[in-house]
There are 2 protein chains.
Amino acid sequence: MDKSILPNDPINNLIRELSGLPGVGPKSAQRITYYLLRSSEAQVTSLADALITLKQKTKLCRICCNVSENDVCSICSNPNRNPALVLIVEQPQDIIALEHSGAYHGRYHVLHGSLSPTEGVGEGDLRIQELMNRLEDGAVQEVIIGTNPTREGETTALYLKTLISPLGIKVTRLARGLPYGSELEYADDTTLSNAFEGRQDF
Amino acid sequence: MDKSILPNDPINNLIRELSGLPGVGPKSAQRITYYLLRSSEAQVTSLADALITLKQKTKLCRICCNVSENDVCSICSNPNRNPALVLIVEQPQDIIALEHSGAYHGRYHVLHGSLSPTEGVGEGDLRIQELMNRLEDGAVQEVIIGTNPTREGETTALYLKTLISPLGIKVTRLARGLPYGSELEYADDTTLSNAFEGRQDF
């Protein structure tokens, strides 16, 4: 179905709106719309309210730029988190995955993207200035770069290293290697190269 | 992620709401939510408005029970559609597929479901009474049953046939057989049986 030829009635209007969401194609947008047509008005209103509230009640933490209901997010305001460690991630949802692992007890910094010249994302589009301001007072002893192992993520990691190293702060990076539960047979070349180059004493 | 343990902040609230939609799991709900956090407020409001409008501006056509903005839907009010033919479908979205095929020029009747004793859906839950009222005046000459080729759809088809046949109206059913573009080698037993039993002169 070509979205542009949909007439502008309430049904096709919602199908068009939903089709723009990530991972939602025209078919699923149609399925969701007809599901909502069968749902109660209260259920649909509750979803609409949740959407409105999302934008009205969230802001960026003024320390780490994570999304938060308050000026300072729950991680930055937690006295049990080590303020000397800052893990830099691309997106807020990366924090959810890391927190779920339970492996990290420092703080974060969210860039809200990665450097991508092809998509026109430059350093001014990321929360890099906020990061540099944080590092000024010398309280941070180690910065762990947790950008994605993609071309954009690697570019961003290198750029951050050249910015932070001169400050005398230790810069590390999340390890690259074989993912847990994977089979060597099916690992790609880059993963295997990374696993070899980063081999650890055993 | 267990939805029930999500805290009730705006982000997790929307993730929970979206996770209830068909085809949207917790992971996609999270992806959509963070996508919307990065979107403009206008974009999110537009989606919320489309949801509210969907319920406020749609009703069921009083003739065929299809969803419509008006008392009578665009198909029932179209003088070029043959009023002597009524094709019965389970859901409004079935009409979209049939209209897209361009093969049919009569009218429809939407049951809004199929008989399913296991799910507690009985004849009173479907728009069967509305169908029978339509058939009273003798204007309809043929009823084509287009319920799904599933157990529930077949049960519904048989039930409708016993109701409609005594009225002296011709009852037909959409053909079962091999779907276009399929390979016989991979067709299931029921499809092959149907294709054999329903074999046509050539």
# chains A, B, ... in the order shown; residues from 1 in each chain; ligands from 1
>>> interface_residues(of="chain B", to="chain A", cutoff="6 Å", atoms="only C-alpha atoms", output="count of residues only")
9
>>> residues_around(residues="A:Val143", least_positions_apart="3", cutoff="7 Å", atoms="only C-alpha atoms", output="list of chain:residue names")
A:Leu85, A:Val86, A:Leu87, A:Lys170, A:Val171, A:Thr172
>>> select_by_dssp(residues="stretch 13-80 of chain A", states="alpha helix (DSSP H)", output="PyMOL selection string")
chain A and resi 13-19+26-38+41-57
>>> atom_distance(atom1="atom CA of A:His109", atom2="atom CA of A:Arg151")
20.0 Å
>>> atom_distance(atom1="atom CA of A:Glu119", atom2="atom CA of A:Leu192")
28.8 Å
>>> residues_around(residues="B:Asn66", least_positions_apart="2", cutoff="6 Å", atoms="only C-alpha atoms", output="JSON, numbers by chain")
{"B": [60, 61, 64, 92, 110]}
>>> write_last_selection(atoms="N, CA, C and O atoms", output="short mmCIF file (atom, residue, chain, number, x, y, z; two decimals), in the first residue's frame")
data_model
loop_
_atom_site.label_atom_id
_atom_site.label_comp_id
_atom_site.auth_asym_id
_atom_site.auth_seq_id
_atom_site.Cartn_x
_atom_site.Cartn_y
_atom_site.Cartn_z
N LEU B 60 -20.12 2.40 13.00
CA LEU B 60 -20.38 1.29 12.09
C LEU B 60 -21.49 1.69 11.13
O LEU B 60 -22.51 2.26 11.54
N CYS B 61 -21.29 1.39 9.86
CA CYS B 61 -22.30 1.63 8.83
C CYS B 61 -23.58 0.90 9.26
O CYS B 61 -23.53 -0.27 9.63
N CYS B 64 -24.08 -2.28 6.59
CA CYS B 64 -23.17 -3.43 6.48
C CYS B 64 -22.27 -3.62 7.70
O CYS B 64 -21.50 -4.58 7.76
N PRO B 92 -13.40 -5.66 9.15
CA PRO B 92 -13.35 -4.56 8.18
C PRO B 92 -12.12 -4.63 7.27
O PRO B 92 -12.19 -4.30 6.09
N VAL B 110 -20.09 -7.04 7.54
CA VAL B 110 -18.99 -7.33 8.45
C VAL B 110 -19.52 -7.94 9.75
O VAL B 110 -20.32 -7.32 10.44
#
>>> select_by_dssp(residues="stretch 26-198 of chain A", states="strand (DSSP E)", output="PyMOL selection string")
chain A and resi 59-60+67-68+82-89+106-110+142-145+170-173
>>> closest_residue(among="A:Gly102, A:Pro79, A:Ser114, A:Ala195", to="A:Ala175", atoms="only C-alpha atoms")
A:Ala195
>>> atom_distance(atom1="atom CA of A:Gln129", atom2="atom CA of A:Ile96")
23.3 Å
>>> residues_around(residues="A:Lys161", least_positions_apart="4", cutoff="12 Å", atoms="only C-alpha atoms", output="PyMOL selection string")
chain A and resi 88+128+132+142-147+154-157+165-173
>>> write_last_selection(atoms="N, CA, C and O atoms", output="mmCIF file, in the first residue's frame")
data_model
loop_
_atom_site.group_PDB
_atom_site.id
_atom_site.type_symbol
_atom_site.label_atom_id
_atom_site.label_comp_id
_atom_site.auth_asym_id
_atom_site.auth_seq_id
_atom_site.Cartn_x
_atom_site.Cartn_y
_atom_site.Cartn_z
ATOM 1 N N ILE A 88 30.268 6.448 28.424
ATOM 2 C CA ILE A 88 29.614 7.215 27.367
ATOM 3 C C ILE A 88 28.842 6.283 26.439
ATOM 4 O O ILE A 88 29.408 5.334 25.887
ATOM 5 N N ILE A 128 28.392 16.534 23.292
ATOM 6 C CA ILE A 128 29.819 16.433 23.588
ATOM 7 C C ILE A 128 30.277 17.608 24.461
ATOM 8 O O ILE A 128 31.070 17.450 25.384
ATOM 9 N N MET A 132 32.317 17.504 28.002
ATOM 10 C CA MET A 132 33.577 18.186 28.292
ATOM 11 C C MET A 132 33.430 19.080 29.533
ATOM 12 O O MET A 132 34.351 19.145 30.362
ATOM 13 N N GLU A 142 38.031 8.084 35.156
ATOM 14 C CA GLU A 142 38.062 7.193 33.993
ATOM 15 C C GLU A 142 36.803 7.384 33.158
ATOM 16 O O GLU A 142 35.695 7.413 33.686
ATOM 17 N N VAL A 143 37.034 7.506 31.862
ATOM 18 C CA VAL A 143 35.913 7.580 30.925
ATOM 19 C C VAL A 143 35.914 6.285 30.110
ATOM 20 O O VAL A 143 36.935 5.927 29.505
ATOM 21 N N ILE A 144 34.789 5.578 30.143
ATOM 22 C CA ILE A 144 34.667 4.322 29.396
ATOM 23 C C ILE A 144 33.809 4.602 28.166
ATOM 24 O O ILE A 144 32.662 5.041 28.299
ATOM 25 N N ILE A 145 34.357 4.373 26.988
ATOM 26 C CA ILE A 145 33.588 4.653 25.782
ATOM 27 C C ILE A 145 32.755 3.431 25.419
ATOM 28 O O ILE A 145 33.285 2.333 25.208
ATOM 29 N N GLY A 146 31.453 3.633 25.382
ATOM 30 C CA GLY A 146 30.526 2.530 25.102
ATOM 31 C C GLY A 146 29.700 2.799 23.862
ATOM 32 O O GLY A 146 28.542 2.400 23.800
ATOM 33 N N THR A 147 30.299 3.476 22.863
ATOM 34 C CA THR A 147 29.569 3.666 21.602
ATOM 35 C C THR A 147 29.455 2.319 20.899
ATOM 36 O O THR A 147 30.179 1.379 21.212
ATOM 37 N N GLU A 154 32.599 3.805 16.060
ATOM 38 C CA GLU A 154 34.062 3.786 16.145
ATOM 39 C C GLU A 154 34.629 5.173 15.855
ATOM 40 O O GLU A 154 35.575 5.622 16.517
ATOM 41 N N THR A 155 34.058 5.854 14.853
ATOM 42 C CA THR A 155 34.487 7.219 14.530
ATOM 43 C C THR A 155 34.296 8.111 15.747
ATOM 44 O O THR A 155 35.183 8.893 16.119
ATOM 45 N N THR A 156 33.133 7.992 16.370
ATOM 46 C CA THR A 156 32.819 8.800 17.534
ATOM 47 C C THR A 156 33.783 8.488 18.675
ATOM 48 O O THR A 156 34.283 9.400 19.359
ATOM 49 N N ALA A 157 34.084 7.199 18.852
ATOM 50 C CA ALA A 157 34.990 6.778 19.926
ATOM 51 C C ALA A 157 36.374 7.404 19.746
ATOM 52 O O ALA A 157 36.954 7.953 20.687
ATOM 53 N N SER A 165 41.744 12.499 26.112
ATOM 54 C CA SER A 165 43.090 12.106 26.543
ATOM 55 C C SER A 165 43.940 13.287 27.014
ATOM 56 O O SER A 165 44.609 13.192 28.052
ATOM 57 N N PRO A 166 43.937 14.440 26.294
ATOM 58 C CA PRO A 166 44.751 15.574 26.733
ATOM 59 C C PRO A 166 44.431 16.073 28.136
ATOM 60 O O PRO A 166 45.245 16.766 28.755
ATOM 61 N N LEU A 167 43.229 15.736 28.652
ATOM 62 C CA LEU A 167 42.843 16.199 29.988
ATOM 63 C C LEU A 167 43.494 15.346 31.081
ATOM 64 O O LEU A 167 43.311 15.606 32.266
ATOM 65 N N GLY A 168 44.247 14.309 30.674
ATOM 66 C CA GLY A 168 44.887 13.443 31.666
ATOM 67 C C GLY A 168 43.933 12.458 32.303
ATOM 68 O O GLY A 168 44.230 11.872 33.348
ATOM 69 N N ILE A 169 42.759 12.263 31.691
ATOM 70 C CA ILE A 169 41.789 11.293 32.208
ATOM 71 C C ILE A 169 41.977 9.979 31.465
ATOM 72 O O ILE A 169 42.173 9.966 30.241
ATOM 73 N N LYS A 170 41.936 8.878 32.223
ATOM 74 C CA LYS A 170 42.081 7.563 31.613
ATOM 75 C C LYS A 170 40.886 7.306 30.684
ATOM 76 O O LYS A 170 39.731 7.523 31.070
ATOM 77 N N VAL A 171 41.146 6.864 29.438
ATOM 78 C CA VAL A 171 40.063 6.550 28.498
ATOM 79 C C VAL A 171 40.117 5.059 28.180
ATOM 80 O O VAL A 171 41.146 4.555 27.708
ATOM 81 N N THR A 172 39.049 4.343 28.445
ATOM 82 C CA THR A 172 38.974 2.922 28.078
ATOM 83 C C THR A 172 37.770 2.712 27.164
ATOM 84 O O THR A 172 37.024 3.646 26.884
ATOM 85 N N ARG A 173 37.603 1.486 26.723
ATOM 86 C CA ARG A 173 36.521 1.191 25.797
ATOM 87 C C ARG A 173 35.954 -0.181 26.127
ATOM 88 O O ARG A 173 36.721 -1.080 26.516
#
